[in-house]
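Quick notes on the structure that follows.
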Amino acid sequence: MPRFAANLSMMFTEAPFLDRFALAARAGFKAVEFLFPYEHPAAEIAKRLADNGLRQVLFNLPPGDWARGERGLAALPDRRGEFREALARALDYAAALSCPRLHVMAGLRPEGVPHDTLLATFAANLDRAAEECAKAGVKPVIEPINHRDIPGYFLNTTDQAAAIIRALGPERIGMQFDLYHCQVTEGDLVRRVERHLPLIAHMQVADTPGRNEPGTGEVNWPFVFRRIDELGYRGWIGCEYRPAGETTAGLGWFAPYRNET
Ligand SMILES: O=C(O)[C@H](O)C(=O)CO
Ligand SMILES: [Mg+2]
């Protein structure tokens with residue numbers, strides 16, 4: 001059965017961030033992910049994880065100035081120093097939280113910079129991240145993101161991500177396969193999971209078109225989850241969705257999987 005992790009950046013937002021760990025545990029989750037932990041001391045988050053019997057399965061490197069619209073640094077040639085600092089900071093938190101995956105966000109395509117320059121920067125930064133992460137027992141992951149949610153994001157399709165991962169080594173870099181983004185950009189979900197399965201190191205889910213919980217939109221999730229299980233995927237699926245209403249009221253979809261996490 002698939003294993004689901006609560007995304008504490010998008011779920012349980014009825015409560016302050018540090019209180020969401022207990023709510024996720026009470027709802028039956030055994031693992032969590034979120035976007036960014038950096039507003040809180042790592043020790044504080046580690047305590048919440050321990051107190052609630054939760055595993056941390058993923059979070060993101062610092063993305064630049066998120067409030068100003070920045071969405072990652074890794075493909076930006078003039079931000080390489082900042083990327084190195086972001087990587088070091090993320091690895092400090094990953095050690096404190098025993099987190100096995102770090103999402104390396106590529107960033108938005110700057111005007112007038114050739115694609116090959118961005119790609120070479122992304123590859124060089126990922127190569128460095130893979131080296132540093134390997135020493136810490138962490139796997140960096142990259143995620144294709146649809147251009148409706150993040151116009152201009154550098155990494156957009158699963159094939160683009162797969163080519164980068166294969167060039168750098170799938171044992172060093174993994175794919176963060178967000179089923180929501182794949183449905184928006186490419187569709188053909190199950191065939192794309194089958195195609196990229198050897199490269200997939202983390203998954204995320206939200207229904208389309210609203211990015212709400214599974215069962216609120218157009219995808220037959222019981223079929224997709226059953227196929228993912230049949231394919232032998234044993235990683236985590238992060239619930240990176242905006243609850244349509246109160247979080248626990250929307251967890252009916254999770255009931256068949258609750259004991260698996
Ligand atoms: O938005 C997403 O799907 C990504 O997972 C993310 O980390 C932030 O953009
Ligand atoms: Mg995602």
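Labels used: A, B, ... for chains in the order of the structure tokens, numbers from 1 for residues in each chain, and numbers from 1 for ligands as shown.
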- [ ] Kindly provide, as a ChimeraX atom specification, all nucleotide and amino acid residues lying within 9 Å of ligand 1, counting only C-alpha atoms and all ligand atoms.
- [x] /A:34-36,59-60,63,71-72,103-105,143-146,149-150,176-178,180-181,204-205,238,240-241
I need the strand (DSSP E or B) residues of range 90-227 of chain A per DSSP on the backbone, written as a short mmCIF file (atom, residue, chain, number, x, y, z; two decimals) with N, CA and C atoms, in the first residue's frame.
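Everything below was put into result.cif:
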```
data_model
loop_
_atom_site.label_atom_id
_atom_site.label_comp_id
_atom_site.auth_asym_id
_atom_site.auth_seq_id
_atom_site.Cartn_x
_atom_site.Cartn_y
_atom_site.Cartn_z
N ARG A 101 15.58 13.18 2.19
CA ARG A 101 15.43 13.82 0.87
C ARG A 101 15.45 15.34 1.03
N LEU A 102 16.12 15.99 0.08
CA LEU A 102 16.10 17.45 0.01
C LEU A 102 15.71 17.86 -1.40
N HIS A 103 14.71 18.71 -1.51
CA HIS A 103 14.25 19.19 -2.83
C HIS A 103 15.07 20.41 -3.22
N ALA A 106 14.96 24.73 -8.85
CA ALA A 106 15.82 25.24 -9.94
C ALA A 106 15.76 26.76 -10.06
N LEU A 108 13.38 30.39 -11.55
CA LEU A 108 12.67 30.90 -12.72
C LEU A 108 13.68 31.30 -13.79
N LYS A 139 19.47 12.14 -0.21
CA LYS A 139 19.39 12.14 -1.67
C LYS A 139 18.71 13.44 -2.12
N PRO A 140 19.36 14.24 -2.93
CA PRO A 140 18.71 15.44 -3.47
C PRO A 140 17.73 15.04 -4.56
N VAL A 141 16.62 15.75 -4.66
CA VAL A 141 15.62 15.45 -5.68
C VAL A 141 15.27 16.72 -6.44
N ILE A 142 14.88 16.54 -7.71
CA ILE A 142 14.44 17.67 -8.53
C ILE A 142 13.03 17.38 -9.02
N TYR A 153 9.09 28.50 -14.46
CA TYR A 153 9.98 27.63 -13.68
C TYR A 153 10.87 26.84 -14.63
N GLY A 174 17.57 12.14 -7.45
CA GLY A 174 16.29 11.47 -7.72
C GLY A 174 15.25 12.45 -8.25
N MET A 175 14.15 11.85 -8.73
CA MET A 175 13.05 12.66 -9.22
C MET A 175 11.99 12.79 -8.13
N GLN A 176 11.56 14.03 -7.90
CA GLN A 176 10.40 14.28 -7.06
C GLN A 176 9.22 14.35 -8.01
N PHE A 177 8.47 13.27 -8.10
CA PHE A 177 7.41 13.12 -9.10
C PHE A 177 6.11 13.60 -8.47
N ASP A 178 5.76 14.84 -8.79
CA ASP A 178 4.52 15.41 -8.24
C ASP A 178 3.40 15.08 -9.23
N ILE A 200 12.39 7.71 -9.66
CA ILE A 200 11.52 8.40 -8.70
C ILE A 200 11.96 8.11 -7.26
N ALA A 201 12.31 9.19 -6.54
CA ALA A 201 12.77 9.05 -5.15
C ALA A 201 11.77 9.64 -4.16
N HIS A 202 10.75 10.31 -4.66
CA HIS A 202 9.70 10.87 -3.81
C HIS A 202 8.52 11.22 -4.71
N MET A 203 7.31 11.11 -4.18
CA MET A 203 6.14 11.53 -4.94
C MET A 203 5.34 12.53 -4.11
N GLN A 204 4.50 13.26 -4.80
CA GLN A 204 3.54 14.13 -4.12
C GLN A 204 2.22 14.04 -4.88
#
```
Task: Top pick for closest residue to ligand 2, considering A:Gly112, A:Leu18, A:Pro151, A:Leu179 and counting only C-alpha atoms and all ligand atoms - done: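 Ranking A:Gly112, A:Leu18, A:Pro151, A:Leu179 by distance to ligand 2, first place goes to A:Leu179.
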Open item on the list: Taking only C-alpha atoms into account, name the residue in A:Ala129, A:Thr247, A:Gly64, A:Trp253 that is nearest to Glu14 in chain A.
Closed with: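 Counting only C-alpha atoms, the residue closest to Glu14 in chain A is A:Thr247.
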Task: Arg20 in chain A surroundings by only C-alpha atoms, 10 Å radius, close-in-sequence under 4 positions cut, as a VMD selection string - done: chain A and resid 6 to 9 11 to 16 24 to 26 32 48
TODO: Go ahead and compute the interatomic distance for CA of Pro2 in chain A and CA of Ala167 in chain A, in Å to one decimal.
DONE: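 Atom-to-atom, CA of Pro2 in chain A and CA of Ala167 in chain A are spaced 28.8 Å apart.
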Task: Of the listed residues A:Arg55, A:Arg166, A:Lys135, A:Arg226, that which approaches Pro198 in chain A most closely, counting only C-alpha atoms - done: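 For Pro198 in chain A, the nearest of the given residues is A:Arg166.
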Task: All alpha helix (DSSP H) positions in range 68-147 of chain A, as number ranges by chain - done: A: 80-97, 115-135
Export of prior selection with N, CA and C atoms as an mmCIF file, in the first residue's frame:
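Saved to again_19.cif:
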```cif
data_model
loop_
_atom_site.group_PDB
_atom_site.id
_atom_site.type_symbol
_atom_site.label_atom_id
_atom_site.label_comp_id
_atom_site.auth_asym_id
_atom_site.auth_seq_id
_atom_site.Cartn_x
_atom_site.Cartn_y
_atom_site.Cartn_z
ATOM 1 N N ARG A 80 25.334 31.393 -7.554
ATOM 2 C CA ARG A 80 25.958 30.119 -7.163
ATOM 3 C C ARG A 80 26.488 30.148 -5.729
ATOM 4 N N GLY A 81 26.972 31.291 -5.295
ATOM 5 C CA GLY A 81 27.449 31.391 -3.910
ATOM 6 C C GLY A 81 26.309 31.204 -2.941
ATOM 7 N N GLU A 82 25.179 31.838 -3.266
ATOM 8 C CA GLU A 82 23.986 31.715 -2.400
ATOM 9 C C GLU A 82 23.473 30.275 -2.399
ATOM 10 N N PHE A 83 23.596 29.622 -3.550
ATOM 11 C CA PHE A 83 23.158 28.209 -3.596
ATOM 12 C C PHE A 83 24.003 27.358 -2.641
ATOM 13 N N ARG A 84 25.299 27.571 -2.635
ATOM 14 C CA ARG A 84 26.160 26.793 -1.749
ATOM 15 C C ARG A 84 25.778 27.013 -0.291
ATOM 16 N N GLU A 85 25.472 28.264 0.056
ATOM 17 C CA GLU A 85 25.040 28.556 1.452
ATOM 18 C C GLU A 85 23.699 27.878 1.743
ATOM 19 N N ALA A 86 22.792 27.909 0.761
ATOM 20 C CA ALA A 86 21.479 27.279 0.953
ATOM 21 C C ALA A 86 21.632 25.779 1.165
ATOM 22 N N LEU A 87 22.518 25.177 0.402
ATOM 23 C CA LEU A 87 22.753 23.729 0.530
ATOM 24 C C LEU A 87 23.291 23.393 1.922
ATOM 25 N N ALA A 88 24.235 24.179 2.387
ATOM 26 C CA ALA A 88 24.823 23.919 3.710
ATOM 27 C C ALA A 88 23.758 24.051 4.793
ATOM 28 N N ARG A 89 22.924 25.064 4.674
ATOM 29 C CA ARG A 89 21.875 25.277 5.697
ATOM 30 C C ARG A 89 20.866 24.130 5.690
ATOM 31 N N ALA A 90 20.485 23.713 4.502
ATOM 32 C CA ALA A 90 19.518 22.610 4.385
ATOM 33 C C ALA A 90 20.111 21.324 4.954
ATOM 34 N N LEU A 91 21.376 21.099 4.722
ATOM 35 C CA LEU A 91 22.011 19.872 5.243
ATOM 36 C C LEU A 91 22.103 19.899 6.765
ATOM 37 N N ASP A 92 22.293 21.073 7.332
ATOM 38 C CA ASP A 92 22.267 21.167 8.804
ATOM 39 C C ASP A 92 20.907 20.735 9.344
ATOM 40 N N TYR A 93 19.848 21.229 8.693
ATOM 41 C CA TYR A 93 18.489 20.842 9.147
ATOM 42 C C TYR A 93 18.213 19.370 8.867
ATOM 43 N N ALA A 94 18.696 18.889 7.719
ATOM 44 C CA ALA A 94 18.433 17.474 7.393
ATOM 45 C C ALA A 94 19.078 16.556 8.411
ATOM 46 N N ALA A 95 20.270 16.942 8.899
ATOM 47 C CA ALA A 95 20.943 16.130 9.924
ATOM 48 C C ALA A 95 20.149 16.151 11.213
ATOM 49 N N ALA A 96 19.668 17.328 11.593
ATOM 50 C CA ALA A 96 18.924 17.456 12.862
ATOM 51 C C ALA A 96 17.579 16.726 12.808
ATOM 52 N N LEU A 97 17.016 16.623 11.606
ATOM 53 C CA LEU A 97 15.673 16.025 11.464
ATOM 54 C C LEU A 97 15.722 14.613 10.901
ATOM 55 N N HIS A 115 19.255 28.885 -22.601
ATOM 56 C CA HIS A 115 18.849 27.653 -21.890
ATOM 57 C C HIS A 115 20.081 26.833 -21.476
ATOM 58 N N ASP A 116 21.045 26.709 -22.394
ATOM 59 C CA ASP A 116 22.221 25.874 -22.096
ATOM 60 C C ASP A 116 23.019 26.396 -20.902
ATOM 61 N N THR A 117 23.030 27.714 -20.741
ATOM 62 C CA THR A 117 23.737 28.286 -19.572
ATOM 63 C C THR A 117 23.015 27.912 -18.271
ATOM 64 N N LEU A 118 21.696 27.986 -18.315
ATOM 65 C CA LEU A 118 20.902 27.616 -17.125
ATOM 66 C C LEU A 118 21.052 26.127 -16.828
ATOM 67 N N LEU A 119 21.019 25.332 -17.882
ATOM 68 C CA LEU A 119 21.138 23.879 -17.710
ATOM 69 C C LEU A 119 22.514 23.513 -17.145
ATOM 70 N N ALA A 120 23.550 24.169 -17.645
ATOM 71 C CA ALA A 120 24.913 23.877 -17.151
ATOM 72 C C ALA A 120 25.056 24.294 -15.692
ATOM 73 N N THR A 121 24.448 25.406 -15.325
ATOM 74 C CA THR A 121 24.484 25.860 -13.929
ATOM 75 C C THR A 121 23.735 24.883 -13.032
ATOM 76 N N PHE A 122 22.550 24.466 -13.498
ATOM 77 C CA PHE A 122 21.736 23.514 -12.727
ATOM 78 C C PHE A 122 22.507 22.213 -12.513
ATOM 79 N N ALA A 123 23.122 21.718 -13.585
ATOM 80 C CA ALA A 123 23.866 20.456 -13.490
ATOM 81 C C ALA A 123 25.065 20.586 -12.550
ATOM 82 N N ALA A 124 25.757 21.703 -12.627
ATOM 83 C CA ALA A 124 26.941 21.899 -11.759
ATOM 84 C C ALA A 124 26.523 21.987 -10.294
ATOM 85 N N ASN A 125 25.433 22.701 -10.037
ATOM 86 C CA ASN A 125 24.951 22.820 -8.649
ATOM 87 C C ASN A 125 24.413 21.487 -8.130
ATOM 88 N N LEU A 126 23.733 20.747 -9.010
ATOM 89 C CA LEU A 126 23.220 19.428 -8.597
ATOM 90 C C LEU A 126 24.356 18.455 -8.345
ATOM 91 N N ASP A 127 25.397 18.560 -9.146
ATOM 92 C CA ASP A 127 26.559 17.687 -8.955
ATOM 93 C C ASP A 127 27.177 17.948 -7.586
ATOM 94 N N ARG A 128 27.298 19.242 -7.258
ATOM 95 C CA ARG A 128 27.840 19.609 -5.937
ATOM 96 C C ARG A 128 26.896 19.127 -4.828
ATOM 97 N N ALA A 129 25.600 19.340 -5.033
ATOM 98 C CA ALA A 129 24.624 18.914 -4.014
ATOM 99 C C ALA A 129 24.696 17.406 -3.813
ATOM 100 N N ALA A 130 24.845 16.665 -4.902
ATOM 101 C CA ALA A 130 24.915 15.201 -4.790
ATOM 102 C C ALA A 130 26.133 14.782 -3.972
ATOM 103 N N GLU A 131 27.250 15.467 -4.207
ATOM 104 C CA GLU A 131 28.467 15.154 -3.439
ATOM 105 C C GLU A 131 28.252 15.412 -1.942
ATOM 106 N N GLU A 132 27.751 16.581 -1.636
ATOM 107 C CA GLU A 132 27.577 16.960 -0.216
ATOM 108 C C GLU A 132 26.486 16.115 0.441
ATOM 109 N N CYS A 133 25.426 15.853 -0.298
ATOM 110 C CA CYS A 133 24.310 15.067 0.274
ATOM 111 C C CYS A 133 24.733 13.626 0.535
ATOM 112 N N ALA A 134 25.535 13.084 -0.372
ATOM 113 C CA ALA A 134 25.963 11.675 -0.206
ATOM 114 C C ALA A 134 26.719 11.497 1.109
ATOM 115 N N LYS A 135 27.524 12.509 1.469
ATOM 116 C CA LYS A 135 28.282 12.406 2.741
ATOM 117 C C LYS A 135 27.337 12.362 3.949
#
```
Task: Minimum-distance residue to Phe17 in chain A, chosen among A:Arg227, A:His40, A:Lys47, A:Arg148 (using only C-alpha atoms) - done: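 Closest to Phe17 in chain A of all the choices is A:His40.
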Open item on the list: Measuring between only C-alpha atoms, which one of A:Gly28, A:Gly250, A:Pro114, A:Gly169 shows the shortest distance to Ala75 in chain A?
Closed with: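 Of A:Gly28, A:Gly250, A:Pro114, A:Gly169, the one nearest Ala75 in chain A is A:Pro114, counting only C-alpha atoms.
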